[in-house]
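Quick look at start04.cif (mmCIF, C-alpha atoms):
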data_upload
#
loop_
_atom_site.group_PDB
_atom_site.id
_atom_site.type_symbol
_atom_site.label_atom_id
_atom_site.label_comp_id
_atom_site.auth_asym_id
_atom_site.auth_seq_id
_atom_site.Cartn_x
_atom_site.Cartn_y
_atom_site.Cartn_z
ATOM 1 C CA MET A 74 53.721 -29.849 17.454
ATOM 2 C CA LYS A 75 52.961 -31.726 20.651
ATOM 3 C CA PHE A 76 50.531 -30.568 23.329
ATOM 4 C CA THR A 77 50.734 -31.476 26.961
ATOM 5 C CA TYR A 78 47.492 -32.289 28.696
ATOM 6 C CA GLY A 79 47.537 -28.945 30.530
ATOM 7 C CA LYS A 80 48.031 -26.878 27.326
ATOM 8 C CA LEU A 81 45.409 -28.866 25.471
ATOM 9 C CA LYS A 82 42.891 -28.375 28.285
ATOM 10 C CA ARG A 83 43.504 -24.604 28.331
ATOM 11 C CA ARG A 84 43.117 -24.443 24.528
ATOM 12 C CA VAL A 85 39.814 -26.341 24.588
ATOM 13 C CA THR A 86 38.572 -24.126 27.419
ATOM 14 C CA ILE A 87 39.438 -20.935 25.512
ATOM 15 C CA ILE A 88 37.711 -22.193 22.358
ATOM 16 C CA GLY A 89 34.634 -23.165 24.396
ATOM 17 C CA VAL A 90 34.444 -19.724 25.993
ATOM 18 C CA MET A 91 34.735 -18.028 22.607
ATOM 19 C CA LEU A 92 31.946 -20.165 21.129
ATOM 20 C CA MET A 93 29.685 -19.569 24.131
ATOM 21 C CA THR A 94 30.312 -15.807 23.940
ATOM 22 C CA SER A 95 29.436 -15.829 20.237
ATOM 23 C CA ILE A 96 26.204 -17.731 20.897
ATOM 24 C CA ILE A 97 25.172 -15.341 23.678
ATOM 25 C CA LEU A 98 25.885 -12.258 21.557
ATOM 26 C CA SER A 99 23.955 -13.610 18.559
ATOM 27 C CA SER A 100 20.881 -14.667 20.534
ATOM 28 C CA CYS A 101 20.578 -12.005 23.213
ATOM 29 C CA GLY A 102 22.418 -8.956 21.874
ATOM 30 C CA VAL A 103 19.546 -7.124 20.119
ATOM 31 C CA LYS A 104 19.226 -3.600 21.470
ATOM 32 C CA ARG A 105 16.882 -2.044 18.932
ATOM 33 C CA VAL A 106 14.756 -2.874 15.891
ATOM 34 C CA ASP A 107 13.438 -0.014 13.771
ATOM 35 C CA ILE A 108 11.392 0.004 10.566
ATOM 36 C CA THR A 109 12.519 3.176 8.826
ATOM 37 C CA LYS A 110 8.965 4.289 7.884
ATOM 38 C CA THR A 111 5.875 4.716 10.065
ATOM 39 C CA LYS A 112 3.446 4.460 7.126
ATOM 40 C CA ILE A 113 3.686 2.868 3.679
ATOM 41 C CA GLU A 114 1.218 3.577 0.862
ATOM 42 C CA ILE A 115 1.242 1.275 -2.164
ATOM 43 C CA THR A 116 -1.189 0.251 -4.896
ATOM 44 C CA LYS A 117 -2.875 -3.106 -5.340
ATOM 45 C CA GLY A 118 -0.559 -5.585 -7.062
ATOM 46 C CA GLU A 119 2.593 -3.665 -6.114
ATOM 47 C CA ASN A 120 5.667 -5.155 -4.407
ATOM 48 C CA TYR A 121 7.613 -3.240 -1.766
ATOM 49 C CA LYS A 122 10.728 -3.987 0.312
ATOM 50 C CA ILE A 123 10.611 -2.769 3.920
ATOM 51 C CA ASP A 124 13.855 -1.297 5.260
ATOM 52 C CA CYS A 125 14.644 -2.382 8.815
ATOM 53 C CA VAL A 126 17.545 -1.353 11.071
ATOM 54 C CA ILE A 127 18.816 -3.843 13.662
ATOM 55 C CA ASP A 128 21.198 -2.771 16.425
ATOM 56 C CA PRO A 129 23.808 -4.172 16.531
ATOM 57 C CA GLU A 130 24.300 -4.718 12.785
ATOM 58 C CA SER A 131 26.372 -7.812 13.589
ATOM 59 C CA TYR A 132 23.308 -9.647 14.908
ATOM 60 C CA LYS A 133 22.957 -12.983 13.107
ATOM 61 C CA GLY A 134 19.589 -14.142 14.402
ATOM 62 C CA LYS A 135 16.390 -14.521 12.399
ATOM 63 C CA ALA A 136 13.876 -11.720 11.822
ATOM 64 C CA VAL A 137 10.236 -12.852 11.874
ATOM 65 C CA TRP A 138 7.750 -10.854 9.761
ATOM 66 C CA ASN A 139 3.957 -10.913 10.110
ATOM 67 C CA SER A 140 0.989 -9.168 8.474
ATOM 68 C CA SER A 141 -2.169 -8.472 10.468
ATOM 69 C CA ASP A 142 -4.281 -9.090 7.347
ATOM 70 C CA ASN A 143 -3.008 -11.354 4.574
ATOM 71 C CA ASP A 144 -6.006 -10.380 2.432
ATOM 72 C CA VAL A 145 -4.495 -6.887 2.199
ATOM 73 C CA VAL A 146 -0.732 -7.504 2.352
ATOM 74 C CA THR A 147 1.472 -10.568 2.514
ATOM 75 C CA VAL A 148 5.085 -10.383 3.724
ATOM 76 C CA ASN A 149 7.889 -12.908 3.308
ATOM 77 C CA GLU A 150 10.847 -13.816 5.535
ATOM 78 C CA ILE A 151 13.003 -10.887 4.362
ATOM 79 C CA GLY A 152 10.375 -8.123 4.563
ATOM 80 C CA ASN A 153 9.127 -8.091 0.963
ATOM 81 C CA LEU A 154 5.494 -6.938 0.752
ATOM 82 C CA ARG A 155 2.906 -7.958 -1.824
ATOM 83 C CA ALA A 156 -0.254 -5.813 -1.981
ATOM 84 C CA VAL A 157 -3.071 -8.258 -2.708
ATOM 85 C CA GLY A 158 -6.148 -6.252 -1.710
ATOM 86 C CA VAL A 159 -7.296 -2.717 -0.956
ATOM 87 C CA GLY A 160 -7.305 -1.802 2.724
ATOM 88 C CA GLU A 161 -5.067 -1.130 5.717
ATOM 89 C CA CYS A 162 -3.081 -3.415 8.000
ATOM 90 C CA GLU A 163 -0.052 -3.588 10.291
ATOM 91 C CA VAL A 164 3.192 -5.361 9.382
ATOM 92 C CA THR A 165 5.406 -6.346 12.321
ATOM 93 C CA VAL A 166 9.004 -7.520 12.500
ATOM 94 C CA THR A 167 10.315 -9.338 15.582
ATOM 95 C CA VAL A 168 13.991 -9.928 16.277
ATOM 96 C CA GLY A 169 14.799 -11.682 19.518
ATOM 97 C CA GLU A 170 12.788 -9.861 22.191
ATOM 98 C CA MET A 171 12.500 -6.637 20.177
ATOM 99 C CA SER A 172 9.850 -5.687 17.606
ATOM 100 C CA ASP A 173 8.552 -2.798 15.505
ATOM 101 C CA SER A 174 5.579 -2.299 13.194
ATOM 102 C CA VAL A 175 4.440 -0.147 10.291
ATOM 103 C CA THR A 176 1.012 0.763 8.917
ATOM 104 C CA VAL A 177 0.535 -0.321 5.302
ATOM 105 C CA VAL A 178 -2.219 1.250 3.191
ATOM 106 C CA VAL A 179 -3.090 -0.403 -0.130
ATOM 107 C CA ARG A 180 -4.963 1.740 -2.647
ATOM 108 C CA TYR A 181 -6.510 1.182 -6.054
ATOM 109 C CA ASP A 182 -4.326 1.907 -9.057
ATOM 110 C CA PHE A 183 -6.111 4.721 -10.921
ATOM 111 C CA ASN A 184 -3.676 4.383 -13.825
ATOM 112 C CA GLU A 185 -4.631 0.741 -14.298
ATOM 113 C CA ILE A 186 -8.347 1.595 -14.125
ATOM 114 C CA TYR A 187 -7.833 4.415 -16.626
ATOM 115 C CA ASP A 188 -6.092 2.078 -19.059
ATOM 116 C CA LYS A 189 -8.909 -0.446 -18.777
ATOM 117 C CA TYR A 190 -11.994 1.759 -18.993
ATOM 118 C CA CYS A 191 -11.096 5.265 -20.183
ATOM 119 C CA ASP A 192 -10.047 7.263 -23.227
ATOM 120 C CA SER A 193 -7.815 10.328 -23.280
ATOM 121 C CA SER A 194 -10.423 12.346 -25.199
ATOM 122 C CA TRP A 195 -12.654 12.546 -22.129
ATOM 123 C CA ALA A 196 -10.614 11.316 -19.140
ATOM 124 C CA THR A 197 -7.406 12.277 -17.329
ATOM 125 C CA VAL A 198 -5.372 10.504 -14.656
ATOM 126 C CA ALA A 199 -2.633 11.887 -12.417
ATOM 127 C CA SER A 200 0.842 10.473 -12.970
ATOM 128 C CA ASP A 201 1.186 10.105 -9.185
ATOM 129 C CA ASN A 202 -2.057 8.068 -9.022
ATOM 130 C CA SER A 203 -3.770 10.710 -6.863
ATOM 131 C CA TYR A 204 -6.896 11.215 -8.980
ATOM 132 C CA LEU A 205 -8.903 10.163 -12.038
ATOM 133 C CA THR A 206 -11.313 12.543 -13.802
ATOM 134 C CA ILE A 207 -14.001 11.732 -16.379
ATOM 135 C CA ASP A 208 -15.799 14.467 -18.331
ATOM 136 C CA THR A 209 -18.834 13.401 -20.354
ATOM 137 C CA ASN A 210 -18.777 16.647 -22.385
ATOM 138 C CA PRO A 211 -15.183 17.904 -22.656
ATOM 139 C CA SER A 212 -15.992 20.145 -25.660
ATOM 140 C CA ASP A 213 -18.917 21.829 -23.835
ATOM 141 C CA ILE A 214 -21.469 21.081 -26.551
ATOM 142 C CA ASP A 215 -25.015 22.023 -25.576
ATOM 143 C CA ASP A 216 -27.062 19.106 -24.235
ATOM 144 C CA TYR A 217 -24.430 16.507 -25.121
ATOM 145 C CA ASN A 218 -22.949 13.590 -23.171
ATOM 146 C CA ASN A 219 -20.407 11.109 -24.493
ATOM 147 C CA ARG A 220 -21.925 7.633 -24.202
ATOM 148 C CA ASP A 221 -18.571 5.908 -23.697
ATOM 149 C CA ALA A 222 -17.685 8.314 -20.903
ATOM 150 C CA ILE A 223 -20.984 7.589 -19.152
ATOM 151 C CA LEU A 224 -20.404 3.839 -19.406
ATOM 152 C CA ALA A 225 -16.853 4.324 -18.108
ATOM 153 C CA ILE A 226 -18.165 6.116 -15.019
ATOM 154 C CA MET A 227 -20.419 3.158 -14.287
ATOM 155 C CA ASP A 228 -17.524 0.717 -14.810
ATOM 156 C CA VAL A 229 -15.135 2.726 -12.614
ATOM 157 C CA ASN A 230 -17.719 2.955 -9.848
ATOM 158 C CA GLU A 231 -18.024 -0.811 -9.907
ATOM 159 C CA ALA A 232 -14.242 -1.360 -10.079
ATOM 160 C CA LEU A 233 -13.795 0.834 -6.991
ATOM 161 C CA GLY A 234 -16.496 -1.029 -5.109
ATOM 162 C CA LEU A 235 -18.749 2.023 -4.797
ATOM 163 C CA PRO A 236 -22.402 1.414 -3.927
ATOM 164 C CA GLU A 237 -24.984 1.616 -6.689
ATOM 165 C CA SER A 238 -26.504 4.626 -4.941
ATOM 166 C CA VAL A 239 -23.502 6.724 -6.067
ATOM 167 C CA TRP A 240 -24.448 6.252 -9.726
ATOM 168 C CA ASN A 241 -28.096 6.902 -8.906
ATOM 169 C CA ASP A 242 -27.081 10.217 -7.318
ATOM 170 C CA MET A 243 -24.883 11.108 -10.299
ATOM 171 C CA ASN A 244 -27.680 10.275 -12.709
ATOM 172 C CA SER A 245 -30.161 12.519 -10.910
ATOM 173 C CA ILE A 246 -27.925 15.513 -10.128
ATOM 174 C CA ARG A 247 -29.051 18.950 -11.310
ATOM 175 C CA ALA A 248 -27.021 22.044 -12.171
ATOM 176 C CA LEU A 249 -28.390 23.899 -9.163
ATOM 177 C CA ASP A 250 -27.098 21.139 -6.825
ATOM 178 C CA GLY A 251 -23.547 22.409 -7.310
ATOM 179 C CA ARG A 252 -20.621 20.037 -6.719
ATOM 180 C CA ILE A 253 -21.317 16.998 -4.554
ATOM 181 C CA SER A 254 -18.666 14.935 -2.735
ATOM 182 C CA GLN A 255 -19.016 11.508 -1.162
ATOM 183 C CA THR A 256 -16.383 9.321 0.515
ATOM 184 C CA TYR A 257 -16.343 5.525 0.658
ATOM 185 C CA ASP A 258 -13.475 3.414 2.059
ATOM 186 C CA GLY A 259 -10.861 6.094 1.461
ATOM 187 C CA ILE A 260 -12.114 7.068 -2.027
ATOM 188 C CA THR A 261 -13.652 10.521 -2.472
ATOM 189 C CA VAL A 262 -15.994 10.974 -5.445
ATOM 190 C CA SER A 263 -16.794 14.542 -6.474
ATOM 191 C CA TYR A 264 -19.184 15.377 -9.306
ATOM 192 C CA SER A 265 -21.173 18.178 -10.856
ATOM 193 C CA TYR A 266 -23.500 18.611 -13.818
ATOM 194 C CA HIS A 267 -24.539 21.336 -16.214
ATOM 195 C CA PRO A 268 -26.549 20.934 -19.444
ATOM 196 C CA ASP A 269 -23.846 22.805 -21.370
ATOM 197 C CA HIS A 270 -20.858 21.051 -19.734
ATOM 198 C CA GLY A 271 -22.060 17.536 -19.003
ATOM 199 C CA LEU A 272 -21.238 15.406 -15.986
ATOM 200 C CA LEU A 273 -17.778 15.927 -14.511
ATOM 201 C CA VAL A 274 -16.583 13.236 -12.071
ATOM 202 C CA THR A 275 -13.326 13.108 -10.102
ATOM 203 C CA TYR A 276 -12.131 10.155 -8.048
ATOM 204 C CA SER A 277 -9.395 10.842 -5.507
ATOM 205 C CA TYR A 278 -7.966 9.477 -2.273
ATOM 206 C CA ASP A 279 -9.366 10.750 1.002
#

Give the structure from this file in structure tokens form.
Amino acid sequence: MKFTYGKLKRRVTIIGVMLMTSIILSSCGVKRVDITKTKIEITKGENYKIDCVIDPESYKGKAVWNSSDNDVVTVNEIGNLRAVGVGECEVTVTVGEMSDSVTVVVRYDFNEIYDKYCDSSWATVASDNSYLTIDTNPSDIDDYNNRDAILAIMDVNEALGLPESVWNDMNSIRALDGRISQTYDGITVSYSYHPDHGLLVTYSYD
């Protein structure tokens, strides 16, 4: 097939317009960016993929992800989170001129702590990671406390970063004091004591 100069010029012009239109649409056509959740709660060491909706779906540009605190959460170029430390931060995605963010809360893994320090004969942990309970006298024997359970309480306090004063308060509690609750960095510690029932401690999220 032979092209005259006029036909060839029109063909090149049409191709150029199509390419320019494609470039404009891909770089400037973002109408909306939405992270599907407003808050994400995960445990330390966990991985999580953030779902993000871009309008239009045909947008081909690059999404840029950032974490406000890499000591709590790191995020890669496709929105995969890695929980590296306990705490709270914001993760932001930017596409073109549009952006959205989500609050990420990283908690301790009570199941992991249970496996490391506890025994089923005197401790229980929720399958949903919402609480951990240690009972130093589960059989309600008069004036008895399980030594391993007491040591586990001390180890768990340390693993959760609780101040030493919490153990001091536990160690000096009396039956008439009733149940005491204290909260530190999102962890609530509730405990009570009776000579016939021992020390009962529950760790939960605030």

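Atom CA of Arg180 of chain A lies 22.9 Å from atom CA of Leu224 of chain A.
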
**Sel. within 12 Å of pt (-9.7, 6.5, -1.8), counting all atoms listed in the file, output as a PyMOL selection string** = chain A and resi 114+116+159-161+178-183+202-205+230+233-235+255-263+275-279

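Close to (13.4, 1.8, 7.4), meaning no more than 6 Å away when counting only C-alpha atoms, sit the residues Ile108, Thr109, Lys110, Asp124 and Cys125 of chain A.
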
Any chance you could work out the axis-aligned box around segment 238-249 of chain A, listed atoms only, 6 Å on each side, giving centre and edge lengths in Å to one decimal, as JSON?
{"center_x": -26.8, "center_y": 14.3, "center_z": -8.8, "size_x": 18.7, "size_y": 31.3, "size_z": 19.8}

**Request:** I would like the residues chosen by the PyMOL selection byres ((chain A and resi 121) around 7) on the shown file; could you give them as a ChimeraX atom specification?
**Result:** /A:119-120,122-123,153-155

Just-selected residues, C-alpha atoms written as an mmCIF file, keeping the file's coordinate frame:
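Dumped everything to result.cif:
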data_model
loop_
_atom_site.group_PDB
_atom_site.id
_atom_site.type_symbol
_atom_site.label_atom_id
_atom_site.label_comp_id
_atom_site.auth_asym_id
_atom_site.auth_seq_id
_atom_site.Cartn_x
_atom_site.Cartn_y
_atom_site.Cartn_z
ATOM 1 C CA GLU A 119 2.593 -3.665 -6.114
ATOM 2 C CA ASN A 120 5.667 -5.155 -4.407
ATOM 3 C CA LYS A 122 10.728 -3.987 0.312
ATOM 4 C CA ILE A 123 10.611 -2.769 3.920
ATOM 5 C CA ASN A 153 9.127 -8.091 0.963
ATOM 6 C CA LEU A 154 5.494 -6.938 0.752
ATOM 7 C CA ARG A 155 2.906 -7.958 -1.824
#

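Once the PyMOL selection byres ((chain A and resi 176) around 7) is applied to the shown structure, the selection contains A:Thr111, A:Lys112, A:Ile113, A:Cys162, A:Glu163, A:Val164, A:Ser174, A:Val175, A:Val177, A:Val178.
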
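Residue nearest Gly118 of chain A within the list A:Val198, A:Asp208, A:Thr147, A:Ala225: A:Thr147 [criterion: smallest interatomic distance, only C-alpha atoms].
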
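Candidate residues A:Ser254, A:Arg220, A:Gly158, A:Asn210 were compared for distance to Asp242 of chain A, and the nearest is A:Ser254, using all atoms listed in the file.
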
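When atom CA of Ala222 of chain A is paired with atom CA of Ser200 of chain A, their separation reads 20.3 Å.
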
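Atom CA of Ala248 of chain A to atom CA of Asp228 of chain A spans 23.5 Å [interatomic distance, one decimal].
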
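Applied to this file, the PyMOL selection byres ((chain A and resi 207) around 6) selects the residues Trp195, Ala196, Thr206, Asp208, Leu273 and Val274 of chain A.
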
**Prompt:** Quick one: residues within 10 Å of Met243 of chain A, only C-alpha atoms counted, chain neighbours fewer than 5 positions away excluded, as a PyMOL selection string?
**Reply:** chain A and resi 226-227+238+253+263-266+272-274

**Message:** Taking 3 positions as the minimum chain separation for residues in the same chain, which residues sit within 12 Å of Asp215 of chain A when counting only C-alpha atoms? Answer as a list in words.
**Reply:** Thr209, Asn210, Pro211, Ser212, Asn218, Asn219, His267, Pro268, Asp269, His270 and Gly271 of chain A

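With all atoms listed in the file as the atoms that count, the minimum distance from Tyr190 of chain A to the choices A:Asp144, A:Asp107, A:Glu170, A:Glu231 is reached by A:Glu231.
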
Give me segment 241-255 of chain A with N, CA and C atoms filled in, as an mmCIF file, keeping the file's coordinate frame.
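Result written to selection-v3.cif:
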data_model
loop_
_atom_site.group_PDB
_atom_site.id
_atom_site.type_symbol
_atom_site.label_atom_id
_atom_site.label_comp_id
_atom_site.auth_asym_id
_atom_site.auth_seq_id
_atom_site.Cartn_x
_atom_site.Cartn_y
_atom_site.Cartn_z
ATOM 1 N N ASN A 241 -26.732 6.366 -8.936
ATOM 2 C CA ASN A 241 -28.096 6.902 -8.906
ATOM 3 C C ASN A 241 -28.078 8.395 -8.593
ATOM 4 N N ASP A 242 -27.196 8.789 -7.655
ATOM 5 C CA ASP A 242 -27.081 10.217 -7.318
ATOM 6 C C ASP A 242 -26.490 11.012 -8.474
ATOM 7 N N MET A 243 -25.481 10.444 -9.138
ATOM 8 C CA MET A 243 -24.883 11.108 -10.299
ATOM 9 C C MET A 243 -25.914 11.289 -11.405
ATOM 10 N N ASN A 244 -26.719 10.278 -11.614
ATOM 11 C CA ASN A 244 -27.680 10.275 -12.709
ATOM 12 C C ASN A 244 -28.836 11.242 -12.471
ATOM 13 N N SER A 245 -29.031 11.629 -11.219
ATOM 14 C CA SER A 245 -30.161 12.519 -10.910
ATOM 15 C C SER A 245 -29.716 13.924 -10.496
ATOM 16 N N ILE A 246 -28.415 14.201 -10.547
ATOM 17 C CA ILE A 246 -27.925 15.513 -10.128
ATOM 18 C C ILE A 246 -28.392 16.606 -11.091
ATOM 19 N N ARG A 247 -28.630 17.801 -10.517
ATOM 20 C CA ARG A 247 -29.051 18.950 -11.310
ATOM 21 C C ARG A 247 -27.980 20.036 -11.237
ATOM 22 N N ALA A 248 -28.011 20.968 -12.156
ATOM 23 C CA ALA A 248 -27.021 22.044 -12.171
ATOM 24 C C ALA A 248 -27.058 22.851 -10.877
ATOM 25 N N LEU A 249 -28.265 23.080 -10.367
ATOM 26 C CA LEU A 249 -28.390 23.899 -9.163
ATOM 27 C C LEU A 249 -27.896 23.178 -7.895
ATOM 28 N N ASP A 250 -27.607 21.879 -7.985
ATOM 29 C CA ASP A 250 -27.098 21.139 -6.825
ATOM 30 C C ASP A 250 -25.630 21.459 -6.533
ATOM 31 N N GLY A 251 -24.957 22.098 -7.505
ATOM 32 C CA GLY A 251 -23.547 22.409 -7.310
ATOM 33 C C GLY A 251 -22.691 21.146 -7.374
ATOM 34 N N ARG A 252 -21.531 21.190 -6.719
ATOM 35 C CA ARG A 252 -20.621 20.037 -6.719
ATOM 36 C C ARG A 252 -20.859 19.209 -5.462
ATOM 37 N N ILE A 253 -21.045 17.923 -5.652
ATOM 38 C CA ILE A 253 -21.317 16.998 -4.554
ATOM 39 C C ILE A 253 -20.113 16.089 -4.329
ATOM 40 N N SER A 254 -19.779 15.839 -3.076
ATOM 41 C CA SER A 254 -18.666 14.935 -2.735
ATOM 42 C C SER A 254 -19.144 13.854 -1.775
ATOM 43 N N GLN A 255 -18.713 12.640 -2.027
ATOM 44 C CA GLN A 255 -19.016 11.508 -1.162
ATOM 45 C C GLN A 255 -17.749 10.685 -0.970
#
